[in-house]
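Structure file final-v9.cif; described as mmCIF, C-alpha atoms (C1' of nucleotides).
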```
data_entry
loop_
_atom_site.label_atom_id
_atom_site.label_comp_id
_atom_site.auth_asym_id
_atom_site.auth_seq_id
_atom_site.Cartn_x
_atom_site.Cartn_y
_atom_site.Cartn_z
CA MET A 1012 107.54 134.28 30.43
CA LYS A 1013 106.25 131.11 28.89
CA LYS A 1014 108.26 127.95 29.00
CA ASP A 1015 107.73 126.00 25.84
CA LEU A 1016 107.88 122.29 25.43
CA ASP A 1017 111.22 120.89 24.31
CA GLN A 1018 111.70 117.61 22.51
CA GLU A 1019 112.94 115.80 25.56
CA GLN A 1020 109.84 116.70 27.53
CA ALA A 1021 107.67 115.70 24.59
CA ALA A 1022 109.45 112.35 24.42
CA TYR A 1023 108.73 111.82 28.09
CA ILE A 1024 105.05 112.58 27.62
CA ILE A 1025 104.83 110.20 24.70
CA ASP A 1026 106.48 107.55 26.77
CA VAL A 1027 104.38 107.67 29.93
CA CYS A 1028 101.04 108.89 28.62
CA ALA A 1029 98.36 106.65 30.11
CA SER A 1030 96.00 107.23 27.25
CA ALA A 1031 98.56 106.36 24.59
CA ASN A 1032 99.85 103.30 26.41
CA LEU A 1033 96.36 101.94 26.89
CA ARG A 1034 95.24 102.74 23.37
CA THR A 1035 98.27 101.13 21.82
CA VAL A 1036 98.06 97.87 23.70
CA SER A 1037 94.31 97.79 23.32
CA GLY A 1038 94.63 98.34 19.60
CA SER A 1039 97.23 95.62 19.17
CA LEU A 1040 95.14 93.13 21.06
CA THR A 1041 92.03 94.07 19.11
CA GLN A 1042 93.98 93.48 15.91
CA LEU A 1043 95.17 90.09 17.09
CA TYR A 1044 91.67 89.00 18.05
CA ASN A 1045 90.14 90.27 14.84
CA HIS A 1046 92.75 88.43 12.84
CA LEU A 1047 92.12 85.14 14.61
CA LEU A 1048 88.34 85.64 14.60
CA LYS A 1049 88.27 86.24 10.88
CA PRO A 1050 87.00 82.70 10.08
CA THR A 1051 83.98 83.33 12.31
CA GLY A 1052 83.11 86.65 10.69
CA LEU A 1053 82.90 88.29 14.10
CA LYS A 1054 85.03 91.12 15.45
CA ILE A 1055 86.08 91.10 19.07
CA THR A 1056 83.83 94.07 19.83
CA GLN A 1057 80.91 92.21 18.33
CA TYR A 1058 81.78 89.06 20.23
CA TYR A 1059 81.87 91.08 23.41
CA MET A 1060 78.55 92.76 22.70
CA LEU A 1061 76.92 89.44 21.82
CA GLY A 1062 78.23 88.01 25.07
CA ASN A 1063 76.69 90.85 27.02
CA ILE A 1064 73.37 90.39 25.25
CA TYR A 1065 73.42 86.67 25.91
CA THR A 1066 74.18 87.30 29.56
CA SER A 1067 71.40 89.89 29.91
CA PRO A 1068 68.47 88.83 27.76
CA ASP A 1069 65.88 91.45 26.87
CA ILE A 1070 68.22 94.24 27.86
CA SER A 1071 67.44 97.73 26.61
CA ILE A 1072 69.80 99.68 24.39
CA SER A 1073 70.56 102.23 27.09
CA LYS A 1074 71.24 99.58 29.73
CA LEU A 1075 73.54 97.81 27.34
CA GLY A 1076 75.43 101.05 26.94
CA GLU A 1077 75.65 101.45 30.69
CA ILE A 1078 77.11 98.04 31.38
CA MET A 1079 79.49 98.23 28.42
CA LEU A 1080 80.45 101.84 29.18
CA LEU A 1081 79.50 102.91 25.69
CA ASP A 1082 77.47 105.81 24.44
CA GLN A 1083 73.87 104.94 23.59
CA THR A 1084 74.39 106.06 20.01
CA THR A 1085 77.35 103.74 19.67
CA VAL A 1086 75.26 100.84 20.93
CA THR A 1087 72.49 101.67 18.48
CA ARG A 1088 74.88 101.58 15.57
CA ASN A 1089 76.77 98.48 16.62
CA LEU A 1090 73.48 96.70 17.24
CA ASN A 1091 72.29 97.52 13.75
CA ILE A 1092 75.26 95.69 12.33
CA LEU A 1093 74.56 92.64 14.49
CA ASN A 1094 70.92 92.87 13.53
CA ASP A 1095 71.70 93.01 9.82
CA SER A 1096 73.76 89.86 10.26
CA GLY A 1097 70.84 88.22 12.01
CA TYR A 1098 72.70 87.75 15.28
CA VAL A 1099 70.27 89.70 17.46
CA GLN A 1100 66.61 90.54 17.54
CA ILE A 1101 65.46 94.02 18.49
CA LYS A 1102 61.88 94.73 19.42
CA ARG A 1103 59.96 97.39 21.25
CA ALA A 1104 59.22 96.76 24.90
CA GLU A 1105 55.57 96.12 25.65
CA GLN A 1106 55.33 98.25 28.76
CA ASP A 1107 57.17 101.23 27.33
CA SER A 1108 57.20 101.69 23.61
CA ARG A 1109 60.12 104.07 23.76
CA THR A 1110 62.32 101.27 24.94
CA LYS A 1111 63.75 98.58 22.72
CA VAL A 1112 64.87 95.26 24.04
CA VAL A 1113 67.57 93.12 22.50
CA THR A 1114 67.91 89.35 22.44
CA ILE A 1115 70.45 87.06 20.86
CA THR A 1116 69.21 84.81 18.05
CA GLU A 1117 70.01 81.16 17.47
CA LEU A 1118 72.46 82.20 14.78
CA GLY A 1119 74.04 84.73 17.08
CA TYR A 1120 74.41 82.09 19.76
CA GLU A 1121 76.09 79.78 17.28
CA LYS A 1122 78.54 82.53 16.39
CA LEU A 1123 79.22 83.10 20.05
CA ASN A 1124 80.05 79.44 20.43
CA ASP A 1125 82.20 79.41 17.32
CA ALA A 1126 84.26 82.31 18.56
CA THR A 1127 84.69 81.30 22.17
CA PRO A 1128 87.49 78.75 21.64
CA ILE A 1129 89.47 81.47 19.90
CA TRP A 1130 88.87 83.87 22.75
CA ILE A 1131 89.99 81.20 25.20
CA ARG A 1132 93.15 80.47 23.25
CA VAL A 1133 94.29 84.08 23.35
CA GLN A 1134 93.27 84.61 26.95
CA GLU A 1135 95.15 81.49 28.04
CA GLU A 1136 98.19 82.55 26.09
CA ILE A 1137 98.12 85.89 27.86
CA GLU A 1138 97.53 84.52 31.34
CA GLY A 1139 100.06 81.78 30.73
CA SER A 1140 102.75 84.10 29.46
CA ILE A 1141 102.58 86.87 32.00
CA GLY A 1142 101.27 84.66 34.79
CA LYS A 1143 97.79 84.30 36.21
CA ALA A 1144 98.53 86.34 39.32
CA GLU A 1145 100.21 89.04 37.31
CA TYR A 1146 97.24 89.17 35.01
CA MET A 1147 94.83 89.56 37.89
CA GLY A 1148 97.05 92.33 39.17
CA LEU A 1149 96.74 94.03 35.81
CA LEU A 1150 92.96 93.84 35.92
CA GLU A 1151 93.01 95.33 39.41
CA LYS A 1152 95.18 98.19 38.29
CA LEU A 1153 92.92 98.81 35.32
CA ASP A 1154 90.01 98.86 37.70
CA ALA A 1155 91.74 101.35 39.96
CA LEU A 1156 92.45 103.52 36.95
CA GLN A 1157 88.84 103.30 35.87
CA ASN A 1158 87.82 104.58 39.30
CA VAL A 1159 90.21 107.49 39.09
CA ILE A 1160 88.79 108.40 35.70
CA ASP A 1161 85.22 108.15 36.91
CA ASN A 1162 85.97 110.32 39.93
CA PHE A 1163 87.73 112.87 37.80
CA LYS A 1164 84.78 112.98 35.46
CA SER A 1165 82.18 113.43 38.16
CA SER A 1166 84.31 116.00 40.00
CA SER A 1167 84.49 118.18 36.91
CA THR A 1168 80.70 118.24 36.61
CA MET B 856 78.77 66.13 21.91
CA LYS B 857 79.27 69.86 21.90
CA LYS B 858 79.29 71.79 25.11
CA ASP B 859 77.61 75.12 24.59
CA LEU B 860 78.31 78.29 26.43
CA ASP B 861 76.06 79.01 29.39
CA GLN B 862 75.33 82.43 30.79
CA GLU B 863 77.62 82.02 33.73
CA GLN B 864 80.57 81.21 31.51
CA ALA B 865 79.70 84.13 29.28
CA ALA B 866 79.60 86.42 32.30
CA TYR B 867 83.05 85.22 33.28
CA ILE B 868 84.41 85.91 29.82
CA ILE B 869 82.93 89.37 29.83
CA ASP B 870 84.48 90.01 33.19
CA VAL B 871 88.06 88.96 32.54
CA CYS B 872 88.45 89.59 28.82
CA ALA B 873 91.72 91.45 28.35
CA SER B 874 90.54 93.12 25.20
CA ALA B 875 87.33 94.41 26.74
CA ASN B 876 88.98 95.61 29.93
CA LEU B 877 91.63 97.49 28.02
CA ARG B 878 89.21 98.93 25.51
CA THR B 879 86.82 100.13 28.17
CA VAL B 880 89.41 101.91 30.29
CA SER B 881 91.12 103.26 27.23
CA GLY B 882 87.84 104.60 25.92
CA SER B 883 86.91 106.25 29.20
CA LEU B 884 90.26 107.94 29.46
CA THR B 885 90.10 109.09 25.86
CA GLN B 886 86.70 110.59 26.58
CA LEU B 887 88.00 112.40 29.65
CA TYR B 888 90.94 113.84 27.75
CA ASN B 889 88.85 114.88 24.78
CA HIS B 890 86.42 116.61 27.08
CA LEU B 891 89.13 118.56 28.84
CA LEU B 892 90.99 119.28 25.60
CA LYS B 893 87.91 120.67 23.93
CA PRO B 894 88.99 124.32 24.43
CA THR B 895 92.18 123.60 22.52
CA GLY B 896 90.40 121.98 19.59
CA LEU B 897 92.71 118.99 19.80
CA LYS B 898 91.82 115.39 20.52
CA ILE B 899 94.13 113.28 22.61
CA THR B 900 95.04 111.15 19.59
CA GLN B 901 95.98 114.28 17.69
CA TYR B 902 97.94 115.63 20.64
CA TYR B 903 99.82 112.35 20.79
CA MET B 904 100.53 112.35 17.08
CA LEU B 905 101.68 115.95 17.14
CA GLY B 906 103.97 115.07 20.03
CA ASN B 907 105.51 112.27 18.04
CA ILE B 908 106.01 114.52 15.05
CA TYR B 909 107.61 117.19 17.18
CA THR B 910 109.90 114.62 18.73
CA SER B 911 110.89 113.16 15.36
CA PRO B 912 111.08 115.99 12.82
CA ASP B 913 110.99 115.07 9.13
CA ILE B 914 109.71 111.61 9.93
CA SER B 915 108.11 109.62 7.12
CA ILE B 916 104.52 108.47 7.22
CA SER B 917 105.50 104.81 7.49
CA LYS B 918 108.01 105.43 10.25
CA LEU B 919 105.41 107.38 12.16
CA GLY B 920 103.13 104.40 11.89
CA GLU B 921 105.86 102.12 13.16
CA ILE B 922 106.62 104.11 16.27
CA MET B 923 102.96 104.72 17.04
CA LEU B 924 101.97 101.13 16.24
CA LEU B 925 99.41 102.29 13.73
CA ASP B 926 98.66 101.16 10.23
CA GLN B 927 100.14 103.37 7.54
CA THR B 928 96.70 104.11 6.14
CA THR B 929 95.55 105.29 9.55
CA VAL B 930 98.50 107.63 9.78
CA THR B 931 97.81 109.01 6.33
CA ARG B 932 94.25 109.84 7.25
CA ASN B 933 94.98 111.26 10.66
CA LEU B 934 97.74 113.37 9.19
CA ASN B 935 95.38 114.81 6.62
CA ILE B 936 93.21 116.14 9.40
CA LEU B 937 96.19 117.73 11.13
CA ASN B 938 97.30 119.09 7.80
CA ASP B 939 93.91 120.64 7.05
CA SER B 940 94.09 122.35 10.43
CA GLY B 941 97.52 123.67 9.55
CA TYR B 942 99.25 121.85 12.39
CA VAL B 943 101.69 119.90 10.24
CA GLN B 944 103.47 120.26 6.95
CA ILE B 945 103.83 117.30 4.61
CA LYS B 946 106.27 117.32 1.74
CA ARG B 947 107.95 114.80 -0.50
CA ALA B 948 111.43 113.71 0.47
CA GLU B 949 114.14 114.93 -1.86
CA GLN B 950 116.12 111.71 -2.10
CA ASP B 951 113.12 109.46 -2.60
CA SER B 952 110.01 110.96 -4.07
CA ARG B 953 107.85 108.08 -2.88
CA THR B 954 108.48 109.12 0.68
CA LYS B 955 106.74 112.00 2.40
CA VAL B 956 108.17 113.70 5.43
CA VAL B 957 106.14 115.40 8.12
CA THR B 958 107.01 118.38 10.26
CA ILE B 959 105.09 120.29 12.88
CA THR B 960 104.19 123.89 12.05
CA GLU B 961 104.35 126.92 14.31
CA LEU B 962 100.61 126.70 14.80
CA GLY B 963 100.86 123.00 15.60
CA TYR B 964 103.56 123.71 18.13
CA GLU B 965 101.37 126.34 19.78
CA LYS B 966 98.56 123.83 20.02
CA LEU B 967 100.92 121.31 21.53
CA ASN B 968 101.87 123.86 24.16
CA ASP B 969 98.25 124.80 24.80
CA ALA B 970 97.29 121.20 25.41
CA THR B 971 100.23 120.09 27.50
CA PRO B 972 99.06 121.60 30.82
CA ILE B 973 95.83 119.67 30.43
CA TRP B 974 97.68 116.47 29.72
CA ILE B 975 99.81 117.09 32.81
CA ARG B 976 96.80 117.72 34.99
CA VAL B 977 95.20 114.39 34.12
CA GLN B 978 98.44 112.47 34.30
CA GLU B 979 99.22 113.91 37.71
CA GLU B 980 95.75 113.12 38.93
CA ILE B 981 96.20 109.52 37.81
CA GLU B 982 99.67 109.08 39.24
CA GLY B 983 98.65 110.87 42.40
CA SER B 984 95.53 108.81 42.94
CA ILE B 985 96.80 105.34 42.29
CA GLY B 986 100.36 106.11 43.31
CA LYS B 987 103.45 106.72 41.22
CA ALA B 988 104.93 103.30 41.87
CA GLU B 989 101.64 101.60 41.17
CA TYR B 990 101.36 103.53 37.94
CA MET B 991 104.82 102.49 36.84
CA GLY B 992 103.82 98.93 37.64
CA LEU B 993 100.83 99.33 35.39
CA LEU B 994 103.00 100.54 32.53
CA GLU B 995 105.29 97.58 33.04
CA LYS B 996 102.39 95.17 32.91
CA LEU B 997 101.07 96.81 29.78
CA ASP B 998 104.50 96.45 28.28
CA ALA B 999 104.62 92.78 29.19
CA LEU B 1000 101.22 92.32 27.62
CA GLN B 1001 102.36 94.09 24.49
CA ASN B 1002 105.24 91.63 24.24
CA VAL B 1003 102.92 88.68 24.59
CA ILE B 1004 100.73 90.07 21.84
CA ASP B 1005 103.69 90.71 19.55
CA ASN B 1006 105.03 87.20 20.10
CA PHE B 1007 101.65 85.68 19.46
CA LYS B 1008 101.35 87.65 16.25
CA SER B 1009 104.74 86.69 14.91
CA SER B 1010 104.30 83.06 15.94
CA SER B 1011 101.11 82.79 13.90
CA THR B 1012 102.87 84.00 10.76
"C1'" DA C 1044 42.61 116.36 29.61
"C1'" DC C 1045 46.79 119.59 28.63
"C1'" DT C 1046 51.16 120.79 28.95
"C1'" DG C 1047 55.84 120.62 30.04
"C1'" DT C 1048 59.61 117.73 31.27
"C1'" DA C 1049 62.04 113.60 31.39
"C1'" DT C 1050 63.39 109.39 29.09
"C1'" DG C 1051 64.71 106.20 25.24
"C1'" DT C 1052 66.22 105.92 20.68
"C1'" DA C 1053 67.84 107.62 16.06
"C1'" DT C 1054 70.44 110.65 12.87
"C1'" DG C 1055 73.96 113.96 11.18
"C1'" DT C 1056 78.60 114.62 11.44
"C1'" DA C 1057 83.32 113.80 12.59
"C1'" DT C 1058 87.37 111.15 14.05
"C1'" DA C 1059 90.00 106.76 14.65
"C1'" DT C 1060 91.14 102.59 12.91
"C1'" DA C 1061 92.28 98.56 9.71
"C1'" DC C 1062 92.25 95.59 5.52
"C1'" DA C 1063 92.38 94.97 0.62
"C1'" DT C 1064 93.92 97.01 -3.09
"C1'" DG C 1065 95.61 100.51 -6.34
"C1'" DT C 1066 99.35 103.71 -7.93
"C1'" DA C 1067 103.84 105.61 -8.23
"C1'" DT C 1068 108.66 105.37 -7.66
"C1'" DT C 1069 112.99 103.08 -6.78
"C1'" DG C 1070 116.42 99.72 -7.50
"C1'" DG C 1071 118.32 95.40 -8.77
"C1'" DT C 1072 119.05 92.02 -12.45
"C1'" DA C 1073 119.00 89.65 -16.81
"C1'" DT D 321 118.55 99.15 -20.82
"C1'" DA D 322 114.27 97.12 -20.08
"C1'" DC D 323 111.72 94.66 -16.75
"C1'" DC D 324 110.34 93.02 -12.26
"C1'" DA D 325 110.21 93.12 -7.39
"C1'" DA D 326 110.12 95.92 -3.41
"C1'" DT D 327 108.83 100.10 -1.19
"C1'" DA D 328 105.90 104.21 0.04
"C1'" DC D 329 101.75 106.26 -0.07
"C1'" DA D 330 96.62 106.78 -1.22
"C1'" DT D 331 91.81 105.17 -1.77
"C1'" DG D 332 87.60 102.28 -1.21
"C1'" DT D 333 85.13 100.23 2.21
"C1'" DA D 334 83.78 98.89 6.76
"C1'" DT D 335 83.55 99.12 11.80
"C1'" DA D 336 83.90 101.60 16.31
"C1'" DT D 337 83.19 105.52 18.68
"C1'" DA D 338 81.23 110.06 20.52
"C1'" DC D 339 78.80 114.61 20.56
"C1'" DA D 340 75.04 117.51 19.32
"C1'" DT D 341 70.67 117.24 18.34
"C1'" DA D 342 66.15 115.66 16.82
"C1'" DC D 343 62.19 112.72 17.52
"C1'" DA D 344 58.87 110.00 19.93
"C1'" DT D 345 56.80 108.39 23.97
"C1'" DA D 346 55.76 108.41 28.86
"C1'" DC D 347 54.71 110.71 33.03
"C1'" DA D 348 53.68 114.24 36.41
"C1'" DG D 349 51.36 118.30 37.81
"C1'" DT D 350 47.69 121.38 37.27
#
```
Represent the structure from my file as structure tokens, please.
Amino acid sequence: MKKDLDQEQAAYIIDVCASANLRTVSGSLTQLYNHLLKPTGLKITQYYMLGNIYTSPDISISKLGEIMLLDQTTVTRNLNILNDSGYVQIKRAEQDSRTKVVTITELGYEKLNDATPIWIRVQEEIEGSIGKAEYMGLLEKLDALQNVIDNFKSSST
Amino acid sequence: MKKDLDQEQAAYIIDVCASANLRTVSGSLTQLYNHLLKPTGLKITQYYMLGNIYTSPDISISKLGEIMLLDQTTVTRNLNILNDSGYVQIKRAEQDSRTKVVTITELGYEKLNDATPIWIRVQEEIEGSIGKAEYMGLLEKLDALQNVIDNFKSSST
DNA sequence: ACTGTATGTATGTATATACATGTATTGGTA
DNA sequence: TACCAATACATGTATATACATACATACAGT
């Protein structure tokens, strides 16, 4: 005898679902950043990717995917957009011509600098409003959740 | 004299960025769910939307967007996919022919029931691993963050 | 040197998402 | 009543994302 989902149970699921809660907040914050970043022409995802490239010069596409936890194909496509805007340079590695290495351009670096004050403003608003310690606690919890997810993924291999 | 971003500062930003941290965890969890849900043919976003529709029968497209914190155009497009699969029914409201109301179909309800055990399994793994109380704390922090974001948005109007 | 496998990247396809804008319908007001 | 503003939805366009798969190059073993 199968017990089917009633509306109350469904409402509970909607309410506590980790995926939905994360996606919703993440989406709202992305929207806020993109709105404020509009004058710079960057999106927050692009800002973040540029920051990673600046921090790890001559990184390969795959490595970039690994540190950003993105699929390689996603990195390829997002990089193409940055490349078309002239924010990054992509060239084949000399030792291994399969590999491509990415570097930020002068223009890309300028964009990064343009956008950073906006990033700081939002981040300070967040840390100021919910409290620095609380915010760090949130990051820790997110980290713990990430570990649970990673373990779950590797256990179901 | 302008102070430009150095790599160490960029690394810090990458590390603590609220948007990036949320997006990354959210993405990983979405991937895990979608992988496990594959046999059902549903994605976690679709499961979540179906759940909302089941919980609020005859809801309008706009209202659905409001409760899910999604743009109306996003709802329209996601609903079309569910509609093509036969999981929802969309018809014009009788009082106001601008409005469309959405209802879950029998088939959609079956899908919802197929997917729920998988949702439960992941959710229990999460709550079990990081602890129920810790998890509730995480939801509270996410809620607090959502409020900060909402306030920021309305203040910049 | 040849061959098969592993590795790095790209492409086809599909979903998720938002913004700007267009279209249709409703409802209030002169 | 005729018109205008507000409301509800759809469409064009762009980005973000992943999976399945193809392609190209490197490398190891014979």
Find the residues of chain B in contact range of chain D, meaning any atom within 9 Å when counting all atoms listed in the file, and list them as a list in words.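 Written out as asked, the residues are Gly882, Gln886, Ile916, Ser917, Gln927, Thr928, Thr931, Ser952, Arg953, Thr954 and Lys955 of chain B.
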Pick out the residues sitting within 12 Å of Tyr867 in chain B, and hand them over as a PDB file with C-alpha atoms, keeping the file's coordinate frame; count only C-alpha atoms (C1' of nucleotides), and ignore anything fewer than 2 positions along from it in its own chain.
```pdb
ATOM      1  CA  TYR A1059      81.870  91.080  23.410  1.00  0.00           C
ATOM      2  CA  GLY A1062      78.230  88.010  25.070  1.00  0.00           C
ATOM      3  CA  ASN A1063      76.690  90.850  27.020  1.00  0.00           C
ATOM      4  CA  THR A1066      74.180  87.300  29.560  1.00  0.00           C
ATOM      5  CA  THR A1127      84.690  81.300  22.170  1.00  0.00           C
ATOM      6  CA  ILE A1131      89.990  81.200  25.200  1.00  0.00           C
TER       7      ILE A1131
ATOM      8  CA  LEU B 860      78.310  78.290  26.430  1.00  0.00           C
ATOM      9  CA  ASP B 861      76.060  79.010  29.390  1.00  0.00           C
ATOM     10  CA  GLN B 862      75.330  82.430  30.790  1.00  0.00           C
ATOM     11  CA  GLU B 863      77.620  82.020  33.730  1.00  0.00           C
ATOM     12  CA  GLN B 864      80.570  81.210  31.510  1.00  0.00           C
ATOM     13  CA  ALA B 865      79.700  84.130  29.280  1.00  0.00           C
ATOM     14  CA  ILE B 869      82.930  89.370  29.830  1.00  0.00           C
ATOM     15  CA  ASP B 870      84.480  90.010  33.190  1.00  0.00           C
ATOM     16  CA  VAL B 871      88.060  88.960  32.540  1.00  0.00           C
ATOM     17  CA  CYS B 872      88.450  89.590  28.820  1.00  0.00           C
ATOM     18  CA  ALA B 873      91.720  91.450  28.350  1.00  0.00           C
TER      19      ALA B 873
END
```
Chain C residues near chain B within 7 Å, closest pair each, using all atoms listed in the file, as a tab-separated table:
```
residue	atom	partner	partner_atom	distance
C:DT1060	C1'	B:Thr929	CA	6.2
C:DA1061	C1'	B:Asp926	CA	6.9
C:DT1068	C1'	B:Arg953	CA	5.6
```
With distances taken over only C-alpha atoms, which residue among B:Ile973, B:Ser883, B:Glu961, B:Lys893 lies nearest chain A?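 Ranking B:Ile973, B:Ser883, B:Glu961, B:Lys893 by distance to chain A, first place goes to B:Ser883.
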Would you compute the distance between CA of Leu887 in chain B and CA of Leu1000 in chain B? Give it in Å to one decimal.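 Distance reported for this atom pair: 24.1 Å.
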What is the distance, in Å and to one decimal place, between C1' of DT1054 in chain C and CA of Thr1116 in chain A?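 Computing it gives 26.4 Å between the two atoms.
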Please compute the CA of Trp1130 in chain A-CA of Leu993 in chain B distance, one decimal, in Å. 23.3 Å
Judged by only C-alpha atoms, the minimum distance to chain A among B:Gln1001, B:Thr895, B:Asn938, B:Asn889 is found for B:Gln1001
Would you mind telling me which residue in A:Asp1125, A:Met1079, A:Gln1134, A:Gly1139 lies nearest to Pro1050 in chain A when using all atoms listed in the file? A:Asp1125
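Using all atoms listed in the file for every distance, the candidate list B:Ser1010, B:Thr879, B:Gln944, B:Asn968 yields B:Gln944 as the residue closest to Ser915 in chain B.
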Might you pull out every residue within 12 Å of Asn1002 in chain B, with all atoms listed in the file counted and same-chain residues fewer than 6 positions away left off, and present them as a list of chain:residue names?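 Residues meeting the cut-off are A:Val1036, A:Ser1039, A:Leu1040, A:Glu1136, A:Ile1137, A:Ser1140, A:Ile1141, B:Glu995, B:Lys996, B:Lys1008, B:Ser1009, B:Ser1010.
Of the residues under consideration (A:Leu1053, A:Leu1118, A:Tyr1058, A:Leu1048), A:Tyr1058 shows the shortest atom-to-atom contact distance to chain B when counting all atoms listed in the file.
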